[in-house]
Amino acid sequence: MAKKSDFKTVETSQEELEEINEKIREHRHKTFRRIIITVVLLVLVVTGIQLWLQLRSYTSFEVISSMERKDNAAAKYEMFLGNTLEYNNDGIVYRGTEDELIWNQSFEMTTPMLTICESYLAVYDSGGTSIYIMGEKGLVQRIETSTPINRVCIANQGTVAVLMKEDHISYVRLYDRKGKELANGEFYEEKESFPVDIALSSDGQKLAVDMLDVTEGKVRSTISFYNFGSVGQNEIDNNVGTYTYEDMFIPEIEYMDADRMLAITNQGFVIYEGAQKPAPKKEIKFDTDVQSVFHNKKYVGVTYSNPQKEGNWHIKVYDMNGKVVMENDTEIAYNRIEFLGSDEICVRDDYHCELFTIHSIRKFSYTFDRELYKILSGEDSQSYIFIMNGEVDEVRLR
C-alpha cells in the first residue's frame with residue numbers, strides 16, 4: 001500500500017503576503033504594458049504603411065493579366081458589385097474577376113445608357129422605348145414604353161423612375177421592379193415649363209423633378225419633391241416641397257443616398273437634405289467660369305482654367321458639406337474627368353492619364369502607346385483595370 005504523504009501547514013506573515021501580492025501586481029502591469037506597446041506599434045506600422053501608400057506616386061505598372069478586346073470603341077464599361085459590366089448597342093455582359101461569364105443580356109438599342117443603385121441596375125435606350133432592369137443574377141424585368149425615353153433612375157430595390165417626352169408633352173412614370181406602374185404625371189410645354197431631369201432616392205420613396213421655365217424670355221428653374229411614403233400621402237399630389245430659382249438653369253439633379261440630393265446649376269451646386277421633406281442645406285456658387293463638373297455619391301469636382309499657369313486646368317473637389325477637400329492642377333487637355341470607385345479622380349485623353357487622390361496627391365501619370373478607353377478601380381489601392389484599344393489589362397502600379 002502506498003504511503004500517504006504528510007501535509008504541513010506553512011504560516012505566512014502579513015508582510016510576506018503583501019510582498020507576494022505586490023510582485024503579482026508588478027508582473028500584471030509589465031504584461032499589460034507589453035501588450036499596449038505591441039498594439040501601439042502595430043497601429044503605428046499599419047498607419048504608416050497606409051499613409052505611405054496614400055502619399056506615394058507611381059509612374060509605371062506591371063500587367064497581371066491581359067485579355068483580347070474583340071469589341072469596338074462603342075463598348076462601355078462599369079463596375080457592378082465588384083465585377084465588370086460591358087455594354088454596347090447589342091447587349092450587356094457581366095463578368096467576374098477571373099473573366100468568367102456571370103450573365104449576359106442581348107438587346108437592340110441605338111443609345112444604351114446605364115444607371116446603377118447598389119444591387120440593381122437599369123440599362124435603357126435613350127430616345128428609344130426599352131428598359132431592362134437587371135440584378136446580380138441577370139434579367140429582372142423588361143419594360144417597354146409607348147413614349148421615347150429621356151432619362152431613367154433606379155432605386156436599391158429595383159424601382160425605376162422614367163422621364164419621357166413626345167411632341168410637346170413630357171411624362172414621368174414610376175414602376176416597381178416587376179413593371180407595375182406606381183405613379184405618373186404629365187407636363188405640357190404650352191405652359192412654357194417642362195422637365196429637364198429627374199432624380200429618385202435610393203430607397204425609392206422620394207422623386208425630384210427639375211423644371212425649366214422660360215416665360216417671357218426669362219429663365220427660371222424649379223425643383224419639386226414628391227414623397228410616395230406615408231408623409232407624402234397627406235400632401236396634395238404627394239408634393240412635399242418646391243423651390244424656385246430665378247435666372248438659374250439646373251441641367252442635372254441626382255440623389256446621393258436616401259436623404260441627400262445634389263443639383264448642378266450653371267452657377268454652382270445646391271445640396272438638399274431631408275428624410276421626408278428635402279430642403280436646401282448648402283449652396284455653393286463658383287467664382288469663375290467652370291469647364292467641367294463631375295461627381296459621385298460623396299464629392300463634387302469642378303475644373304477651370306488656371307489663370308496663374310497657362311495651359312493648366314485647376315481641379316477643385318468639395319464634400320457634401322460644401323468644404324473644399326482637394327485641389328491640384330493637370331496639364332492634360334482632357335476629354336474625360338471622373339471619379340473612380342475608390343474616390344480617386346481620373347483625368348485622361350486618348351493617350352494620357354493622371355490619377356489624383358482625394359488628398360490632392362498626383363498618384364499616377366502615364367502616356368500610353370495605344371488608345372485608352374476607360375480605367376476602373378481594382379481590388380486594392382494599387383490595382384486597376386485598363387481598357388484599351390484591342391485589350392483589357394489588369395495591372396498593378398509600381
# chains A, B, ... in the order shown; residues from 1 in each chain; ligands from 1
>>> residues_around(residues="Leu81 (chain A)", least_positions_apart="3", cutoff="8 Å", atoms="only C-alpha atoms", output="number ranges by chain")
A: 118-119, 136
>>> residues_around(residues="Lys281 (chain A)", least_positions_apart="6", cutoff="7 Å", atoms="only C-alpha atoms", output="PyMOL selection string")
chain A and resi 271-273
>>> write_last_selection(atoms="N, CA, C and O atoms", output="short mmCIF file (atom, residue, chain, number, x, y, z; two decimals), in the first residue's frame")
data_model
loop_
_atom_site.label_atom_id
_atom_site.label_comp_id
_atom_site.auth_asym_id
_atom_site.auth_seq_id
_atom_site.Cartn_x
_atom_site.Cartn_y
_atom_site.Cartn_z
N ILE A 271 -27.10 71.49 -52.40
CA ILE A 271 -27.28 70.21 -51.72
C ILE A 271 -28.55 70.29 -50.88
O ILE A 271 -28.72 71.21 -50.08
N TYR A 272 -29.44 69.32 -51.09
CA TYR A 272 -30.69 69.23 -50.35
C TYR A 272 -30.61 68.03 -49.40
O TYR A 272 -30.05 66.99 -49.75
N GLU A 273 -31.20 68.20 -48.22
CA GLU A 273 -31.23 67.09 -47.27
C GLU A 273 -32.60 67.01 -46.62
O GLU A 273 -33.31 68.00 -46.49
#
>>> closest_residue(among="A:Asn104, A:Thr357, A:Thr222, A:Ser365", to="Glu331 (chain A)", atoms="only C-alpha atoms")
A:Ser365
>>> atom_distance(atom1="CA of Pro307 (chain A)", atom2="CA of Pro251 (chain A)")
26.7 Å
>>> residues_around(residues="region 202-205 of chain A", least_positions_apart="6", cutoff="8 Å", atoms="only C-alpha atoms", output="ChimeraX atom specification")
/A:117,154-157,159-160,227-229,255-258
>>> closest_residue(among="A:Ala122, A:Asp176, A:Asn234, A:Gly138", to="Val152 (chain A)", atoms="only C-alpha atoms")
A:Ala122
>>> select_by_dssp(residues="region 153-333 of chain A", states="strand (DSSP E)", output="number ranges by chain")
A: 153-154, 160-166, 169-175, 181-188, 193-200, 206-213, 220-227, 239-246, 252-255, 260-264, 268-273, 279-285, 292-295, 299-305, 313-319, 324-330
>>> write_last_selection(atoms="C-alpha atoms", output="mmCIF file, in the first residue's frame")
data_model
loop_
_atom_site.group_PDB
_atom_site.id
_atom_site.type_symbol
_atom_site.label_atom_id
_atom_site.label_comp_id
_atom_site.auth_asym_id
_atom_site.auth_seq_id
_atom_site.Cartn_x
_atom_site.Cartn_y
_atom_site.Cartn_z
ATOM 1 C CA CYS A 153 -33.245 56.439 -62.425
ATOM 2 C CA ILE A 154 -33.225 53.272 -60.326
ATOM 3 C CA VAL A 160 -37.372 52.882 -61.650
ATOM 4 C CA ALA A 161 -38.424 56.447 -62.440
ATOM 5 C CA VAL A 162 -38.704 57.291 -66.149
ATOM 6 C CA LEU A 163 -38.779 60.688 -67.845
ATOM 7 C CA MET A 164 -40.274 60.533 -71.357
ATOM 8 C CA LYS A 165 -41.123 63.112 -73.992
ATOM 9 C CA GLU A 166 -43.191 63.134 -77.151
ATOM 10 C CA ILE A 169 -45.785 66.659 -73.677
ATOM 11 C CA SER A 170 -43.411 65.192 -71.069
ATOM 12 C CA TYR A 171 -44.303 62.212 -68.897
ATOM 13 C CA VAL A 172 -42.886 60.941 -65.624
ATOM 14 C CA ARG A 173 -43.646 57.331 -64.661
ATOM 15 C CA LEU A 174 -42.669 55.293 -61.616
ATOM 16 C CA TYR A 175 -42.517 51.466 -61.961
ATOM 17 C CA GLU A 181 -46.857 51.408 -62.665
ATOM 18 C CA LEU A 182 -46.822 53.088 -59.250
ATOM 19 C CA ALA A 183 -47.281 56.780 -60.137
ATOM 20 C CA ASN A 184 -47.416 59.101 -63.139
ATOM 21 C CA GLY A 185 -47.529 62.742 -64.134
ATOM 22 C CA GLU A 186 -47.806 64.846 -67.307
ATOM 23 C CA PHE A 187 -46.282 68.215 -68.201
ATOM 24 C CA TYR A 188 -47.375 70.382 -71.137
ATOM 25 C CA SER A 193 -42.403 74.957 -68.454
ATOM 26 C CA PHE A 194 -41.029 71.440 -68.984
ATOM 27 C CA PRO A 195 -38.946 68.801 -67.119
ATOM 28 C CA VAL A 196 -35.193 68.807 -67.652
ATOM 29 C CA ASP A 197 -34.202 65.979 -65.307
ATOM 30 C CA ILE A 198 -35.479 63.664 -62.573
ATOM 31 C CA ALA A 199 -33.873 62.042 -59.515
ATOM 32 C CA LEU A 200 -35.032 59.053 -57.452
ATOM 33 C CA LYS A 206 -38.777 60.298 -52.969
ATOM 34 C CA LEU A 207 -38.781 61.649 -56.513
ATOM 35 C CA ALA A 208 -37.474 65.062 -57.557
ATOM 36 C CA VAL A 209 -38.450 66.771 -60.824
ATOM 37 C CA ASP A 210 -36.288 69.557 -62.261
ATOM 38 C CA MET A 211 -38.364 72.030 -64.332
ATOM 39 C CA LEU A 212 -37.217 74.830 -66.633
ATOM 40 C CA ASP A 213 -39.499 77.833 -67.116
ATOM 41 C CA ARG A 220 -36.354 80.122 -64.051
ATOM 42 C CA SER A 221 -35.654 76.665 -62.590
ATOM 43 C CA THR A 222 -37.930 74.855 -60.177
ATOM 44 C CA ILE A 223 -37.274 71.642 -58.235
ATOM 45 C CA SER A 224 -40.275 69.822 -56.807
ATOM 46 C CA PHE A 225 -40.029 66.924 -54.353
ATOM 47 C CA TYR A 226 -42.606 64.123 -54.176
ATOM 48 C CA ASN A 227 -42.850 61.628 -51.331
ATOM 49 C CA ASN A 239 -45.680 67.200 -53.197
ATOM 50 C CA VAL A 240 -43.584 67.844 -50.056
ATOM 51 C CA GLY A 241 -41.635 70.884 -51.239
ATOM 52 C CA THR A 242 -40.979 73.152 -54.221
ATOM 53 C CA TYR A 243 -38.020 75.519 -54.671
ATOM 54 C CA THR A 244 -37.714 78.121 -57.437
ATOM 55 C CA TYR A 245 -34.523 79.833 -58.619
ATOM 56 C CA GLU A 246 -34.670 82.960 -60.762
ATOM 57 C CA GLU A 252 -28.748 67.883 -63.670
ATOM 58 C CA ILE A 253 -30.081 66.541 -60.370
ATOM 59 C CA GLU A 254 -29.185 63.281 -58.622
ATOM 60 C CA TYR A 255 -29.807 61.657 -55.251
ATOM 61 C CA ARG A 260 -29.460 63.790 -49.790
ATOM 62 C CA MET A 261 -29.784 65.215 -53.313
ATOM 63 C CA LEU A 262 -27.412 67.237 -55.476
ATOM 64 C CA ALA A 263 -28.469 69.840 -58.037
ATOM 65 C CA ILE A 264 -25.864 71.071 -60.542
ATOM 66 C CA GLY A 268 -22.604 76.198 -58.853
ATOM 67 C CA PHE A 269 -24.467 73.479 -56.998
ATOM 68 C CA VAL A 270 -27.092 73.031 -54.276
ATOM 69 C CA ILE A 271 -27.282 70.209 -51.722
ATOM 70 C CA TYR A 272 -30.690 69.228 -50.346
ATOM 71 C CA GLU A 273 -31.234 67.092 -47.266
ATOM 72 C CA ALA A 279 -34.799 71.236 -48.179
ATOM 73 C CA PRO A 280 -31.695 73.187 -49.317
ATOM 74 C CA LYS A 281 -28.815 72.723 -46.873
ATOM 75 C CA LYS A 282 -25.858 74.200 -48.720
ATOM 76 C CA GLU A 283 -25.421 76.287 -51.880
ATOM 77 C CA ILE A 284 -22.027 76.776 -53.489
ATOM 78 C CA LYS A 285 -21.529 79.416 -56.193
ATOM 79 C CA SER A 292 -16.396 70.674 -66.176
ATOM 80 C CA VAL A 293 -18.478 69.487 -63.223
ATOM 81 C CA PHE A 294 -18.288 65.850 -62.131
ATOM 82 C CA HIS A 295 -19.431 63.995 -59.031
ATOM 83 C CA TYR A 299 -17.957 64.561 -53.686
ATOM 84 C CA VAL A 300 -18.448 67.253 -56.336
ATOM 85 C CA GLY A 301 -15.500 68.195 -58.528
ATOM 86 C CA VAL A 302 -15.003 71.171 -60.854
ATOM 87 C CA THR A 303 -12.269 72.178 -63.281
ATOM 88 C CA TYR A 304 -11.415 75.574 -64.695
ATOM 89 C CA SER A 305 -8.540 77.237 -66.482
ATOM 90 C CA TRP A 313 -6.545 73.090 -65.583
ATOM 91 C CA HIS A 314 -7.240 73.530 -61.893
ATOM 92 C CA ILE A 315 -9.177 70.752 -60.153
ATOM 93 C CA LYS A 316 -11.196 71.502 -57.024
ATOM 94 C CA VAL A 317 -13.273 68.963 -55.088
ATOM 95 C CA TYR A 318 -15.984 69.661 -52.486
ATOM 96 C CA ASP A 319 -17.565 67.308 -49.970
ATOM 97 C CA VAL A 324 -13.024 72.050 -50.309
ATOM 98 C CA VAL A 325 -11.161 68.765 -49.692
ATOM 99 C CA MET A 326 -8.846 68.555 -52.715
ATOM 100 C CA GLU A 327 -7.052 70.888 -55.143
ATOM 101 C CA ASN A 328 -4.429 70.267 -57.822
ATOM 102 C CA ASP A 329 -3.567 71.047 -61.453
ATOM 103 C CA THR A 330 -3.358 68.987 -64.620
#
>>> decode(residues="region 349-385 of chain A", atoms="N, CA, C and O atoms", output="short mmCIF file (atom, residue, chain, number, x, y, z; two decimals), in the first residue's frame")
data_model
loop_
_atom_site.label_atom_id
_atom_site.label_comp_id
_atom_site.auth_asym_id
_atom_site.auth_seq_id
_atom_site.Cartn_x
_atom_site.Cartn_y
_atom_site.Cartn_z
N ASP A 349 -7.08 61.79 -71.67
CA ASP A 349 -7.48 61.96 -73.05
C ASP A 349 -7.26 60.60 -73.72
O ASP A 349 -7.27 59.57 -73.04
N ASP A 350 -7.04 60.55 -75.01
CA ASP A 350 -6.94 59.26 -75.69
C ASP A 350 -5.67 58.49 -75.33
O ASP A 350 -5.65 57.25 -75.41
N TYR A 351 -4.61 59.20 -74.93
CA TYR A 351 -3.34 58.51 -74.68
C TYR A 351 -2.67 58.88 -73.35
O TYR A 351 -1.68 58.25 -72.97
N HIS A 352 -3.20 59.87 -72.65
CA HIS A 352 -2.58 60.32 -71.41
C HIS A 352 -3.55 60.15 -70.25
O HIS A 352 -4.77 60.29 -70.42
N CYS A 353 -2.99 59.89 -69.08
CA CYS A 353 -3.84 59.68 -67.91
C CYS A 353 -3.12 60.17 -66.65
O CYS A 353 -1.90 60.01 -66.51
N GLU A 354 -3.88 60.78 -65.75
CA GLU A 354 -3.41 61.12 -64.42
C GLU A 354 -4.47 60.71 -63.39
O GLU A 354 -5.66 60.86 -63.64
N LEU A 355 -4.00 60.18 -62.26
CA LEU A 355 -4.88 59.83 -61.16
C LEU A 355 -4.50 60.69 -59.95
O LEU A 355 -3.32 60.81 -59.60
N PHE A 356 -5.51 61.30 -59.32
CA PHE A 356 -5.31 62.11 -58.13
C PHE A 356 -6.09 61.50 -56.97
O PHE A 356 -7.23 61.06 -57.15
N THR A 357 -5.49 61.48 -55.78
CA THR A 357 -6.22 61.03 -54.60
C THR A 357 -7.05 62.18 -54.05
O THR A 357 -6.84 63.35 -54.41
N ILE A 358 -7.97 61.84 -53.18
CA ILE A 358 -8.82 62.86 -52.56
C ILE A 358 -7.99 63.73 -51.61
O ILE A 358 -8.47 64.76 -51.12
N HIS A 359 -6.72 63.33 -51.37
CA HIS A 359 -5.81 64.11 -50.52
C HIS A 359 -4.91 65.02 -51.35
O HIS A 359 -3.89 65.50 -50.86
N SER A 360 -5.25 65.23 -52.61
CA SER A 360 -4.56 66.16 -53.52
C SER A 360 -3.23 65.64 -54.06
O SER A 360 -2.46 66.40 -54.63
N ILE A 361 -2.96 64.36 -53.89
CA ILE A 361 -1.71 63.78 -54.38
C ILE A 361 -1.90 63.30 -55.82
O ILE A 361 -2.88 62.63 -56.14
N ARG A 362 -0.95 63.68 -56.70
CA ARG A 362 -0.94 63.13 -58.06
C ARG A 362 -0.34 61.72 -57.95
O ARG A 362 0.86 61.52 -57.89
N LYS A 363 -1.21 60.72 -57.93
CA LYS A 363 -0.80 59.35 -57.64
C LYS A 363 -0.15 58.66 -58.84
O LYS A 363 0.80 57.87 -58.68
N PHE A 364 -0.64 58.95 -60.04
CA PHE A 364 -0.17 58.21 -61.21
C PHE A 364 -0.24 59.11 -62.43
O PHE A 364 -1.20 59.86 -62.62
N SER A 365 0.82 59.05 -63.25
CA SER A 365 0.85 59.80 -64.51
C SER A 365 1.51 58.92 -65.55
O SER A 365 2.59 58.35 -65.30
N TYR A 366 0.87 58.83 -66.73
CA TYR A 366 1.41 57.90 -67.72
C TYR A 366 0.94 58.29 -69.12
O TYR A 366 -0.16 58.83 -69.30
N THR A 367 1.78 57.99 -70.11
CA THR A 367 1.44 58.14 -71.51
C THR A 367 1.42 56.77 -72.17
O THR A 367 2.43 56.05 -72.13
N PHE A 368 0.28 56.39 -72.73
CA PHE A 368 0.11 55.06 -73.30
C PHE A 368 0.48 55.07 -74.78
O PHE A 368 0.41 56.10 -75.45
N ASP A 369 0.85 53.88 -75.29
CA ASP A 369 1.19 53.77 -76.71
C ASP A 369 0.02 53.27 -77.55
O ASP A 369 0.15 53.05 -78.75
N ARG A 370 -1.12 53.07 -76.90
CA ARG A 370 -2.34 52.73 -77.63
C ARG A 370 -3.51 53.47 -76.99
O ARG A 370 -3.42 53.94 -75.86
N GLU A 371 -4.61 53.57 -77.72
CA GLU A 371 -5.73 54.41 -77.27
C GLU A 371 -6.36 53.83 -76.00
O GLU A 371 -6.64 52.64 -75.90
N LEU A 372 -6.58 54.71 -75.04
CA LEU A 372 -7.16 54.35 -73.74
C LEU A 372 -8.63 54.72 -73.73
O LEU A 372 -9.00 55.86 -74.00
N TYR A 373 -9.49 53.74 -73.39
CA TYR A 373 -10.93 53.97 -73.38
C TYR A 373 -11.50 54.19 -71.97
O TYR A 373 -12.44 54.94 -71.78
N LYS A 374 -10.92 53.50 -70.98
CA LYS A 374 -11.53 53.54 -69.65
C LYS A 374 -10.55 53.01 -68.62
O LYS A 374 -9.73 52.14 -68.91
N ILE A 375 -10.64 53.53 -67.38
CA ILE A 375 -9.90 52.99 -66.24
C ILE A 375 -10.89 52.69 -65.12
O ILE A 375 -11.75 53.52 -64.81
N LEU A 376 -10.77 51.50 -64.54
CA LEU A 376 -11.62 51.08 -63.44
C LEU A 376 -10.76 50.76 -62.23
O LEU A 376 -9.64 50.26 -62.37
N SER A 377 -11.27 51.03 -61.02
CA SER A 377 -10.55 50.68 -59.80
C SER A 377 -10.52 49.17 -59.63
O SER A 377 -11.46 48.46 -60.00
N GLY A 378 -9.41 48.66 -59.04
CA GLY A 378 -9.26 47.24 -58.79
C GLY A 378 -9.59 46.88 -57.36
O GLY A 378 -10.32 47.58 -56.66
N GLU A 379 -8.99 45.76 -56.90
CA GLU A 379 -9.32 45.22 -55.59
C GLU A 379 -8.63 45.98 -54.45
O GLU A 379 -9.09 45.92 -53.31
N ASP A 380 -7.52 46.65 -54.72
CA ASP A 380 -6.84 47.43 -53.69
C ASP A 380 -6.31 48.73 -54.30
O ASP A 380 -6.56 49.02 -55.47
N SER A 381 -5.57 49.49 -53.49
CA SER A 381 -5.18 50.84 -53.90
C SER A 381 -4.16 50.88 -55.03
O SER A 381 -3.96 51.93 -55.64
N GLN A 382 -3.53 49.75 -55.35
CA GLN A 382 -2.56 49.71 -56.43
C GLN A 382 -3.08 48.98 -57.67
O GLN A 382 -2.39 48.93 -58.69
N SER A 383 -4.27 48.40 -57.59
CA SER A 383 -4.80 47.58 -58.68
C SER A 383 -5.82 48.36 -59.51
O SER A 383 -6.68 49.06 -58.95
N TYR A 384 -5.74 48.21 -60.83
CA TYR A 384 -6.66 48.88 -61.75
C TYR A 384 -6.92 47.98 -62.95
O TYR A 384 -6.18 47.01 -63.20
N ILE A 385 -7.96 48.33 -63.68
CA ILE A 385 -8.24 47.69 -64.97
C ILE A 385 -8.13 48.76 -66.04
O ILE A 385 -8.83 49.77 -66.00
#
